[in-house]
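Containing compact mmCIF, C-alpha atoms: work-v1.txt.
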# COMPACT_ATOMS: atom_id res chain seq x y z
CA MET M 3 47.09 18.26 116.91
CA SER M 4 49.05 17.90 113.66
CA LEU M 5 51.57 15.08 113.55
CA PRO M 6 55.17 15.37 112.37
CA PRO M 7 56.30 13.44 109.25
CA ALA M 8 57.83 10.69 111.39
CA LEU M 9 57.13 9.23 114.82
CA LEU M 10 59.77 7.40 116.75
CA PHE M 11 58.64 5.11 119.57
CA ASP M 12 60.38 3.91 122.66
CA ALA M 13 59.78 0.16 123.12
CA TYR M 14 59.81 -1.01 126.75
CA GLY M 15 57.13 0.60 128.87
CA THR M 16 55.79 2.56 125.90
CA MET M 17 54.52 -0.08 123.47
CA PHE M 18 55.46 -3.22 125.39
CA ASP M 19 54.47 -3.77 128.98
CA VAL M 20 57.50 -4.85 131.02
CA GLN M 21 55.28 -5.39 134.03
CA SER M 22 53.74 -8.27 132.11
CA VAL M 23 56.61 -10.42 133.39
CA THR M 24 55.08 -10.05 136.83
CA ALA M 25 52.90 -13.10 136.28
CA ALA M 26 55.93 -15.25 135.48
CA LEU M 27 57.73 -13.93 138.55
CA ASN M 28 54.69 -14.63 140.69
CA ALA M 29 54.59 -18.21 139.44
CA HIS M 30 58.17 -18.69 140.65
CA PHE M 31 57.88 -16.61 143.82
CA PRO M 32 54.24 -16.48 144.94
CA GLY M 33 53.19 -13.05 146.19
CA LYS M 34 56.52 -11.41 145.34
CA GLY M 35 56.03 -10.83 141.62
CA ALA M 36 55.09 -7.17 141.79
CA GLN M 37 57.92 -6.05 144.05
CA LEU M 38 60.45 -8.17 142.12
CA ALA M 39 59.33 -6.69 138.79
CA GLN M 40 59.56 -3.17 140.22
CA SER M 41 63.05 -3.63 141.70
CA TRP M 42 64.20 -5.40 138.54
CA ARG M 43 63.08 -2.56 136.27
CA THR M 44 64.57 0.10 138.56
CA LYS M 45 67.95 -1.63 138.69
CA GLN M 46 67.92 -2.35 134.97
CA LEU M 47 67.58 1.36 134.22
CA GLU M 48 70.14 2.37 136.83
CA TYR M 49 72.69 0.02 135.29
CA THR M 50 72.09 1.44 131.80
CA TRP M 51 72.83 4.93 133.10
CA GLN M 52 75.75 3.96 135.32
CA ARG M 53 77.38 1.70 132.73
CA THR M 54 77.18 4.43 130.11
CA LEU M 55 78.74 6.94 132.50
CA MET M 56 81.44 4.44 133.46
CA GLY M 57 82.20 3.61 129.82
CA ARG M 58 81.34 -0.02 130.63
CA TYR M 59 78.63 -0.90 128.16
CA ALA M 60 77.05 -4.34 128.31
CA ASP M 61 74.10 -5.07 126.05
CA PHE M 62 70.52 -4.87 127.28
CA GLU M 63 70.20 -8.61 127.56
CA ALA M 64 73.20 -8.75 129.90
CA VAL M 65 71.96 -5.76 131.90
CA THR M 66 68.51 -7.29 132.17
CA ALA M 67 69.98 -10.55 133.50
CA GLU M 68 72.31 -8.90 136.01
CA SER M 69 69.57 -6.63 137.31
CA LEU M 70 67.26 -9.61 137.78
CA ARG M 71 70.00 -11.22 139.86
CA TYR M 72 70.10 -8.09 142.02
CA ALA M 73 66.33 -7.94 142.43
CA CYS M 74 66.24 -11.59 143.47
CA ALA M 75 68.95 -11.01 146.08
CA LEU M 76 67.12 -7.94 147.39
CA HIS M 77 63.88 -9.85 147.90
CA GLN M 78 65.55 -13.07 149.06
CA CYS M 79 64.46 -15.10 146.06
CA GLU M 80 66.79 -17.62 144.48
CA TYR M 81 68.21 -16.61 141.12
CA SER M 82 69.02 -19.42 138.71
CA GLN M 83 69.88 -19.84 135.05
CA ALA M 84 66.54 -21.61 134.59
CA LEU M 85 64.71 -18.60 136.00
CA TRP M 86 66.57 -16.26 133.66
CA ALA M 87 65.89 -18.54 130.68
CA THR M 88 62.15 -18.39 131.43
CA LEU M 89 62.07 -14.64 131.87
CA ARG M 90 64.33 -13.97 128.87
CA GLU M 91 61.87 -15.92 126.80
CA ARG M 92 59.01 -13.84 128.21
CA TYR M 93 60.93 -10.67 127.37
CA GLY M 94 60.82 -11.72 123.72
CA ARG M 95 57.04 -11.75 123.77
CA LEU M 96 56.05 -9.02 126.19
CA ALA M 97 52.45 -7.96 125.80
CA THR M 98 51.70 -4.73 123.97
CA PHE M 99 49.50 -2.23 125.75
CA PRO M 100 45.92 -2.73 124.48
CA GLU M 101 45.66 0.32 122.21
CA VAL M 102 49.02 -0.18 120.47
CA PRO M 103 48.22 -2.34 117.41
CA ALA M 104 45.23 -0.29 116.23
CA THR M 105 47.02 3.02 116.86
CA LEU M 106 50.05 1.98 114.85
CA ALA M 107 47.85 0.76 111.99
CA ALA M 108 45.93 4.05 111.93
CA LEU M 109 49.13 6.11 111.94
CA ARG M 110 50.45 4.09 109.00
CA GLU M 111 47.24 4.72 107.09
CA ARG M 112 47.73 8.42 107.60
CA GLY M 113 51.16 8.12 106.01
CA VAL M 114 53.20 8.80 109.14
CA ARG M 115 56.64 7.21 108.98
CA LEU M 116 57.14 4.98 112.04
CA GLY M 117 60.29 3.86 113.81
CA ILE M 118 61.53 2.43 117.10
CA LEU M 119 64.47 3.75 119.10
CA SER M 120 65.25 1.44 121.98
CA ASN M 121 67.82 0.42 124.55
CA GLY M 122 67.01 -3.18 123.62
CA SER M 123 69.56 -5.37 121.90
CA PRO M 124 68.85 -6.09 118.21
CA ALA M 125 68.02 -9.72 119.02
CA MET M 126 65.51 -8.76 121.72
CA LEU M 127 63.84 -6.19 119.47
CA ASP M 128 63.71 -8.55 116.50
CA GLU M 129 61.93 -11.16 118.62
CA LEU M 130 59.32 -8.70 119.85
CA ILE M 131 58.67 -7.26 116.40
CA ALA M 132 58.33 -10.72 114.86
CA HIS M 133 56.12 -11.99 117.70
CA HIS M 134 53.68 -9.12 117.23
CA ARG M 135 53.93 -9.21 113.38
CA LEU M 136 55.05 -5.59 113.27
CA THR M 137 57.83 -6.04 110.72
CA ASP M 138 56.04 -4.06 108.02
CA THR M 139 54.82 -1.40 110.43
CA PHE M 140 58.19 0.14 111.21
CA GLU M 141 60.57 1.41 108.56
CA ALA M 142 63.39 1.58 111.12
CA VAL M 143 64.04 -0.43 114.27
CA ILE M 144 67.00 1.26 115.85
CA SER M 145 68.93 -0.21 118.78
CA VAL M 146 71.48 1.73 120.81
CA ASP M 147 73.71 -1.33 120.63
CA PRO M 148 76.11 -0.30 117.81
CA LEU M 149 76.80 2.91 119.73
CA ARG M 150 77.39 1.10 123.04
CA ARG M 151 75.72 3.90 125.00
CA TYR M 152 72.23 4.07 126.48
CA LYS M 153 69.56 6.75 126.59
CA PRO M 154 69.43 9.63 127.42
CA ASP M 155 72.85 10.16 125.83
CA PRO M 156 72.17 12.56 122.93
CA ALA M 157 74.26 10.42 120.57
CA VAL M 158 71.49 7.82 120.85
CA TYR M 159 68.79 10.20 119.63
CA GLN M 160 71.14 11.32 116.85
CA LEU M 161 71.14 7.72 115.57
CA ALA M 162 67.50 8.17 114.60
CA VAL M 163 68.09 11.51 112.87
CA ASP M 164 70.82 9.89 110.79
CA ARG M 165 68.73 6.86 109.97
CA LEU M 166 65.48 8.65 109.08
CA LYS M 167 67.30 11.46 107.27
CA LEU M 168 65.02 14.06 108.82
CA GLY M 169 65.93 16.99 111.04
CA SER M 170 65.14 16.56 114.72
CA ASP M 171 62.23 18.98 114.24
CA GLY M 172 60.62 16.58 111.74
CA ILE M 173 60.59 13.73 114.23
CA GLY M 174 58.09 13.23 117.02
CA PHE M 175 59.41 11.10 119.86
CA VAL M 176 56.96 9.02 121.86
CA SER M 177 57.90 7.58 125.24
CA ALA M 178 56.17 6.57 128.44
CA ASN M 179 59.43 6.96 130.34
CA GLY M 180 59.63 10.47 131.74
CA TRP M 181 63.44 10.52 131.76
CA ASP M 182 63.51 9.36 128.11
CA ALA M 183 61.03 12.08 127.17
CA SER M 184 63.29 14.62 128.92
CA GLY M 185 66.35 13.32 127.08
CA ALA M 186 64.57 13.50 123.73
CA LYS M 187 63.32 17.03 124.44
CA SER M 188 66.80 18.14 125.50
CA PHE M 189 68.08 16.71 122.21
CA GLY M 190 65.54 18.66 120.17
CA PHE M 191 62.71 16.29 119.26
CA ARG M 192 59.04 17.20 119.52
CA VAL M 193 58.08 14.99 122.44
CA PHE M 194 54.91 13.08 123.30
CA TRP M 195 55.03 11.78 126.84
CA ILE M 196 52.66 8.89 127.45
CA ASN M 197 51.73 9.19 131.09
CA ARG M 198 49.98 5.86 131.63
CA GLY M 199 50.34 5.87 135.40
CA GLY M 200 49.34 9.44 136.18
CA LEU M 201 52.86 10.19 137.40
CA PRO M 202 54.11 13.70 138.16
CA ALA M 203 55.94 15.47 135.35
CA GLU M 204 59.72 15.37 135.58
CA THR M 205 61.05 18.46 137.31
CA SER M 206 64.43 18.81 135.63
CA GLY M 207 63.18 21.31 133.10
CA PHE M 208 62.80 19.55 129.73
CA ALA M 209 59.03 19.41 129.57
CA PRO M 210 57.39 17.34 126.81
CA ASP M 211 55.38 19.14 124.13
CA HIS M 212 52.37 16.88 124.64
CA VAL M 213 51.16 14.65 127.46
CA LEU M 214 48.86 11.77 126.51
CA GLY M 215 47.15 9.08 128.57
CA ASP M 216 48.02 6.38 126.06
CA LEU M 217 49.15 6.02 122.44
CA SER M 218 45.63 6.46 121.03
CA GLY M 219 45.91 10.15 121.92
CA LEU M 220 48.21 10.51 118.92
CA LEU M 221 45.25 10.06 116.58
CA MET S 16 94.02 -5.16 156.72
CA SER S 17 96.68 -2.64 155.74
CA LEU S 18 95.46 0.77 154.70
CA PRO S 19 96.58 2.67 151.59
CA PRO S 20 98.46 5.99 151.97
CA ALA S 21 95.27 7.97 151.33
CA LEU S 22 91.57 7.39 151.90
CA LEU S 23 88.98 9.25 149.93
CA PHE S 24 85.43 9.37 151.33
CA ASP S 25 82.12 9.84 149.68
CA ALA S 26 80.01 12.33 151.68
CA TYR S 27 76.24 11.76 151.43
CA GLY S 28 75.14 8.39 152.73
CA THR S 29 78.70 7.47 153.70
CA MET S 30 79.69 9.98 156.40
CA PHE S 31 76.53 12.09 156.47
CA ASP S 32 73.08 10.61 156.88
CA VAL S 33 70.74 12.00 154.23
CA GLN S 34 67.84 10.18 155.84
CA SER S 35 68.31 12.52 158.78
CA VAL S 36 66.12 15.00 156.90
CA THR S 37 63.23 12.60 157.45
CA ALA S 38 62.37 14.24 160.76
CA ALA S 39 62.05 17.64 159.10
CA LEU S 40 59.90 16.16 156.34
CA ASN S 41 57.73 14.45 158.92
CA ALA S 42 57.22 17.74 160.72
CA HIS S 43 55.85 19.25 157.50
CA PHE S 44 53.98 16.17 156.30
CA PRO S 45 53.10 13.95 159.27
CA GLY S 46 53.56 10.25 158.54
CA LYS S 47 55.00 10.82 155.07
CA GLY S 48 58.60 11.68 155.98
CA ALA S 49 60.13 8.29 155.27
CA GLN S 50 58.60 7.75 151.85
CA LEU S 51 59.29 11.36 150.85
CA ALA S 52 62.94 11.05 151.88
CA GLN S 53 63.27 7.80 149.94
CA SER S 54 61.69 9.15 146.74
CA TRP S 55 63.67 12.37 147.05
CA ARG S 56 67.00 10.55 147.32
CA THR S 57 66.15 8.18 144.44
CA LYS S 58 65.19 11.04 142.13
CA GLN S 59 68.18 13.11 143.19
CA LEU S 60 70.55 10.35 142.10
CA GLU S 61 68.64 9.64 138.89
CA TYR S 62 68.90 13.29 137.90
CA THR S 63 72.65 13.34 138.53
CA TRP S 64 73.07 10.38 136.16
CA GLN S 65 70.62 11.56 133.53
CA ARG S 66 71.85 15.15 133.52
CA THR S 67 75.44 14.00 133.09
CA LEU S 68 74.42 11.74 130.19
CA MET S 69 72.38 14.54 128.63
CA GLY S 70 75.22 17.05 129.00
CA ARG S 71 72.87 19.18 131.12
CA TYR S 72 74.71 19.66 134.37
CA ALA S 73 73.05 21.58 137.16
CA ASP S 74 74.78 21.77 140.52
CA PHE S 75 73.85 19.46 143.40
CA GLU S 76 71.90 22.16 145.17
CA ALA S 77 69.70 22.67 142.09
CA VAL S 78 69.30 18.91 141.57
CA THR S 79 68.42 18.45 145.24
CA ALA S 80 65.72 21.14 145.01
CA GLU S 81 64.20 19.86 141.78
CA SER S 82 64.13 16.28 143.02
CA LEU S 83 62.39 17.39 146.21
CA ARG S 84 59.77 19.05 144.02
CA TYR S 85 59.25 15.73 142.22
CA ALA S 86 59.02 13.73 145.45
CA CYS S 87 56.44 16.15 146.84
CA ALA S 88 54.33 15.85 143.68
CA LEU S 89 54.60 12.06 143.79
CA HIS S 90 53.33 11.88 147.37
CA GLN S 91 50.81 14.70 146.98
CA CYS S 92 52.56 17.04 149.37
CA GLU S 93 52.79 20.74 148.65
CA TYR S 94 56.21 21.99 147.63
CA SER S 95 57.06 25.56 148.52
CA GLN S 96 60.09 27.80 148.64
CA ALA S 97 59.76 27.85 152.43
CA LEU S 98 59.92 24.06 152.54
CA TRP S 99 63.03 24.03 150.38
CA ALA S 100 64.65 26.76 152.50
CA THR S 101 64.11 24.63 155.61
CA LEU S 102 65.45 21.46 154.05
CA ARG S 103 68.37 23.17 152.34
CA GLU S 104 69.37 24.46 155.74
CA ARG S 105 69.12 20.92 157.15
CA TYR S 106 71.29 19.65 154.30
CA GLY S 107 74.04 21.93 155.51
CA ARG S 108 74.06 20.21 158.89
CA LEU S 109 73.17 16.60 158.18
CA ALA S 110 74.07 14.30 161.03
CA THR S 111 77.18 12.17 160.73
CA PHE S 112 76.76 8.46 161.30
CA PRO S 113 77.73 7.76 164.94
CA GLU S 114 81.13 6.16 164.33
CA VAL S 115 82.40 8.78 161.91
CA PRO S 116 84.15 11.40 164.10
CA ALA S 117 86.17 8.88 166.15
CA THR S 118 87.10 6.84 163.07
CA LEU S 119 88.36 9.87 161.19
CA ALA S 120 90.39 11.02 164.20
CA ALA S 121 91.98 7.57 164.58
CA LEU S 122 92.86 7.41 160.88
CA ARG S 123 94.51 10.82 161.10
CA GLU S 124 96.54 9.64 164.07
CA ARG S 125 97.79 6.74 162.00
CA GLY S 126 99.01 9.18 159.38
CA VAL S 127 96.50 8.29 156.67
CA ARG S 128 95.86 11.18 154.31
CA LEU S 129 92.10 11.91 154.18
CA GLY S 130 89.97 13.50 151.50
CA ILE S 131 86.37 13.83 150.36
CA LEU S 132 85.14 13.30 146.81
CA SER S 133 81.51 14.28 146.51
CA ASN S 134 78.72 15.20 144.13
CA GLY S 135 77.93 18.04 146.53
CA SER S 136 78.40 21.64 145.50
CA PRO S 137 81.37 23.41 147.13
CA ALA S 138 79.00 25.56 149.22
CA MET S 139 77.10 22.55 150.53
CA LEU S 140 80.29 20.68 151.40
CA ASP S 141 81.86 23.73 153.06
CA GLU S 142 78.82 24.11 155.31
CA LEU S 143 78.90 20.46 156.38
CA ILE S 144 82.64 20.47 157.03
CA ALA S 145 82.43 23.67 159.05
CA HIS S 146 79.37 22.50 160.99
CA HIS S 147 81.15 19.31 162.08
CA ARG S 148 84.51 21.10 162.64
CA LEU S 149 86.25 18.79 160.19
CA THR S 150 88.26 21.47 158.39
CA ASP S 151 91.59 20.20 159.68
CA THR S 152 90.68 16.55 159.21
CA PHE S 153 90.62 16.54 155.41
CA GLU S 154 93.52 17.71 153.30
CA ALA S 155 91.28 17.80 150.22
CA VAL S 156 87.55 18.39 149.86
CA ILE S 157 86.84 17.75 146.21
CA SER S 158 83.55 18.59 144.55
CA VAL S 159 82.58 17.37 141.08
CA ASP S 160 81.31 20.88 140.39
CA PRO S 161 84.23 22.33 138.38
CA LEU S 162 84.00 19.32 136.05
CA ARG S 163 80.21 19.65 135.64
CA ARG S 164 79.77 15.87 135.59
CA TYR S 165 78.59 13.53 138.34
CA LYS S 166 79.77 10.16 139.61
CA PRO S 167 80.33 7.49 138.36
CA ASP S 168 81.93 9.28 135.39
CA PRO S 169 85.62 8.26 135.57
CA ALA S 170 86.70 11.88 135.06
CA VAL S 171 85.31 12.55 138.53
CA TYR S 172 87.54 9.95 140.20
CA GLN S 173 90.48 11.29 138.17
CA LEU S 174 89.96 14.66 139.91
CA ALA S 175 91.11 13.05 143.16
CA VAL S 176 94.15 11.40 141.59
CA ASP S 177 95.23 14.77 140.23
CA ARG S 178 94.60 16.54 143.51
CA LEU S 179 96.27 14.03 145.83
CA LYS S 180 99.13 13.40 143.40
CA LEU S 181 98.98 9.66 144.04
CA GLY S 182 98.32 6.84 141.58
CA SER S 183 94.84 5.31 141.75
CA ASP S 184 96.42 2.26 143.44
CA GLY S 185 97.60 4.44 146.34
CA ILE S 186 94.10 5.67 147.07
CA GLY S 187 91.42 3.77 148.96
CA PHE S 188 87.92 4.87 148.12
CA VAL S 189 85.22 4.58 150.77
CA SER S 190 81.54 4.75 149.88
CA ALA S 191 78.26 3.43 151.21
CA ASN S 192 76.68 3.82 147.78
CA GLY S 193 77.03 0.56 145.89
CA TRP S 194 76.97 2.25 142.48
CA ASP S 195 79.69 4.70 143.59
CA ALA S 196 81.81 1.80 144.87
CA SER S 197 81.38 0.11 141.46
CA GLY S 198 82.37 3.28 139.63
CA ALA S 199 85.45 3.73 141.79
CA LYS S 200 86.45 0.09 141.32
CA SER S 201 85.97 0.36 137.56
CA PHE S 202 88.21 3.44 137.64
CA GLY S 203 90.97 1.58 139.49
CA PHE S 204 90.75 2.53 143.16
CA ARG S 205 90.98 0.05 145.99
CA VAL S 206 87.40 0.14 147.20
CA PHE S 207 85.83 -0.15 150.64
CA TRP S 208 82.07 -0.54 150.38
CA ILE S 209 80.25 0.41 153.58
CA ASN S 210 77.16 -1.74 153.57
CA ARG S 211 75.20 -0.16 156.40
CA GLY S 212 71.84 -1.54 155.33
CA GLY S 213 72.78 -5.15 154.61
CA LEU S 214 71.99 -4.63 150.93
CA PRO S 215 72.89 -7.15 148.22
CA ALA S 216 76.17 -6.54 146.40
CA GLU S 217 75.86 -4.83 143.04
CA THR S 218 75.69 -7.40 140.25
CA SER S 219 77.29 -5.43 137.43
CA GLY S 220 80.71 -6.93 137.98
CA PHE S 221 82.90 -4.33 139.70
CA ALA S 222 83.05 -5.84 143.15
CA PRO S 223 84.59 -3.84 146.00
CA ASP S 224 87.83 -5.07 147.57
CA HIS S 225 86.40 -4.86 151.08
CA VAL S 226 82.89 -4.81 152.52
CA LEU S 227 82.47 -3.22 155.95
CA GLY S 228 79.45 -2.71 158.16
CA ASP S 229 80.43 0.85 159.00
CA LEU S 230 83.46 3.13 158.86
CA SER S 231 84.98 1.77 162.08
CA GLY S 232 85.85 -1.37 160.12
CA LEU S 233 88.66 0.63 158.52
CA LEU S 234 90.58 0.65 161.81
Let's see the structure in the file written out as structure tokens.
Amino acid sequence: MSLPPALLFDAYGTMFDVQSVTAALNAHFPGKGAQLAQSWRTKQLEYTWQRTLMGRYADFEAVTAESLRYACALHQCEYSQALWATLRERYGRLATFPEVPATLAALRERGVRLGILSNGSPAMLDELIAHHRLTDTFEAVISVDPLRRYKPDPAVYQLAVDRLKLGSDGIGFVSANGWDASGAKSFGFRVFWINRGGLPAETSGFAPDHVLGDLSGLL
Amino acid sequence: MSLPPALLFDAYGTMFDVQSVTAALNAHFPGKGAQLAQSWRTKQLEYTWQRTLMGRYADFEAVTAESLRYACALHQCEYSQALWATLRERYGRLATFPEVPATLAALRERGVRLGILSNGSPAMLDELIAHHRLTDTFEAVISVDPLRRYKPDPAVYQLAVDRLKLGSDGIGFVSANGWDASGAKSFGFRVFWINRGGLPAETSGFAPDHVLGDLSGLL
């Protein structure tokens, strides 16, 4: 498999494990961490889509907080500012999936240009990048925030084309989120779907070019 | 509670019970009907949002079929054209929730103008309306289909304003879907959220004007 000149990575769920907040949730609400994390993530994504459709953008930090409030209400756990402060702090240092650091280093050695295209707010992304000492790894860390629209709006993917100054056919897009992979394929990227969980392929007709078990499959 | 001059109803989940396909799913896949129905509905909605964002509209019949295919794959059940034919037929005669016929009749008697605003394709809505002999009940049955965008895009709610020739403040919007109630509130309707399942309120900040346990609360 030959690689394109540039690879653009989704952040949450692709390089950084959002389920790694489960432990913090479990500490607050014993035995409920997994279901809270699941409901939180689902609602977080739903709000990004619905807010974009409604023309009511709020940044990813705000959406992440409001969706946590919903998940807590759903599972009858008490939401508080202190809880959010703890989890917001965790969000700034989410774990990477195990293969991520070595894979990124190897791609850099091969001369592949690397970037991030994420729903995350600039502040959230900056924290993660600094925490994992990845500042020199990525030539572009692109947030949807200036556009005030979330993925899979095609204008989001266009941000990366403009920033990297490459045609969409020169950019490989890497995401573990099936819907994000579909959006990127619909836009025109060459798409690598990272299917960590052995999920079914999306059935809406924008199949990825490659399906990999984790990021190391890029090498 | 005084009622506005016109009430506009969401269809699926609000007047018609989409979970009523569970029995048919259970007949095909014993013991798996409930989880299949749940995953199917979730994916169906996700595709409406994502396709609208991507500018890749497909009508509600197509989205309903493709999301069934996904749900079947997720739960390791075999999808087939025969299965879809059976369920598509069921979709055309979904049960109403028990209080619906009497509530609609009483509202008509009080002189309230009644309409439907739905993601459903015109063919799907026509079948349901005919099956339940509701043709004379609604002065307008409005599908998103001509617009090729799904709720909660504000252009969808505008369709109803244009059709009923009333300002958004003269129209009450009735939906059991929290995200649809939020979208309608953001647009400017007076919103009645039917919270049949005792779910938490949406936390994205567009609270409904009224929360009712079922449609009979309108009377």
Which residues of chain S come within 6 Å of chain M, and for each one, what is the closest pair of atoms and their distance in Å to one decimal, counting all atoms listed in the file, sorted by chain and residue number, as CSV?
residue,atom,partner,partner_atom,distance
S:Leu68,CA,M:Asp155,CA,4.9
S:Met69,CA,M:Asp155,CA,5.2
S:Glu81,CA,M:Thr205,CA,5.6
S:Tyr85,CA,M:Thr205,CA,5.9
S:Ala88,CA,M:Pro202,CA,5.9
S:Leu89,CA,M:Pro202,CA,5.9
S:Pro167,CA,M:Met56,CA,5.9
S:Asp168,CA,M:Leu55,CA,4.9
S:Pro215,CA,M:Leu76,CA,5.9
S:Thr218,CA,M:Glu68,CA,5.6
Can you measure CA of Leu214 in chain M to CA of Ile118 in chain M for me? One decimal in Å is fine.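 These atoms are spaced 18.3 Å apart.
Restricting the calculation to only C-alpha atoms, the smallest distance between Glu142 in chain S and any of S:Glu114, S:Glu104, S:Asp224, S:Glu154 is found for S:Glu104.
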Could you name the residues that touch Arg110 in chain M at 8 Å or less, counting all atoms listed in the file, but leaving out those on the same chain fewer than 5 positions away, as a short mmCIF file (atom, residue, chain, number, x, y, z; two decimals) with C-alpha atoms, in the coordinates of the input?
data_model
loop_
_atom_site.label_atom_id
_atom_site.label_comp_id
_atom_site.auth_asym_id
_atom_site.auth_seq_id
_atom_site.Cartn_x
_atom_site.Cartn_y
_atom_site.Cartn_z
CA ARG M 115 56.64 7.21 108.98
CA LEU M 116 57.14 4.98 112.04
CA THR M 139 54.82 -1.40 110.43
#
Counting only C-alpha atoms, the option among S:Pro161, S:Gly212, S:Gly135, S:Gly182 closest to Asp25 in chain S: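 Nearest candidate to Asp25 in chain S out of S:Pro161, S:Gly212, S:Gly135, S:Gly182: S:Gly135.
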Size and centre in Å, one decimal, axis-aligned box, all listed range 17-22 of chain S atoms plus 8 Å per side, as lines of an AutoDock Vina configuration file:
center_x = 95.0
center_y = 2.7
center_z = 153.5
size_x = 22.9
size_y = 26.6
size_z = 20.4
Taking 5 positions as the minimum chain separation for residues in the same chain, which residues sit within 12 Å of Ser4 in chain M when counting all atoms listed in the file? Answer as a ChimeraX atom specification. /M:9,109,112,114,172,174,192,212,219-221
Quick check, in Å to one decimal: how far apart do CA of Leu119 in chain S and CA of Gly107 in chain S lie?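 According to the coordinates, CA of Leu119 in chain S and CA of Gly107 in chain S are separated by 19.6 Å.
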Test item: which residues lie within 8 Å of (56.9, 15.5, 116.7) counting only C-alpha atoms, as a PyMOL selection string: chain M and resi 5-9+171-175+191-194
Using Å and a single decimal, report how far CA of Tyr172 in chain S sits from CA of Gly203 in chain S.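 If I compute the distance from CA of Gly203 in chain S to CA of Tyr172 in chain S, I get 9.1 Å.
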Using only C-alpha atoms, which residues sit within 10 Å of Ala175 in chain S once same-chain residues fewer than 6 positions away are excluded, as a PyMOL selection string? chain S and resi 23+130-132+155-159+181-183+186
Expected residue set, 12 Å radius at (66.0, -9.0, 119.1), only C-alpha atoms, as a PyMOL selection string: chain M and resi 13+61-63+90-91+93-95+120-133+143-145+147
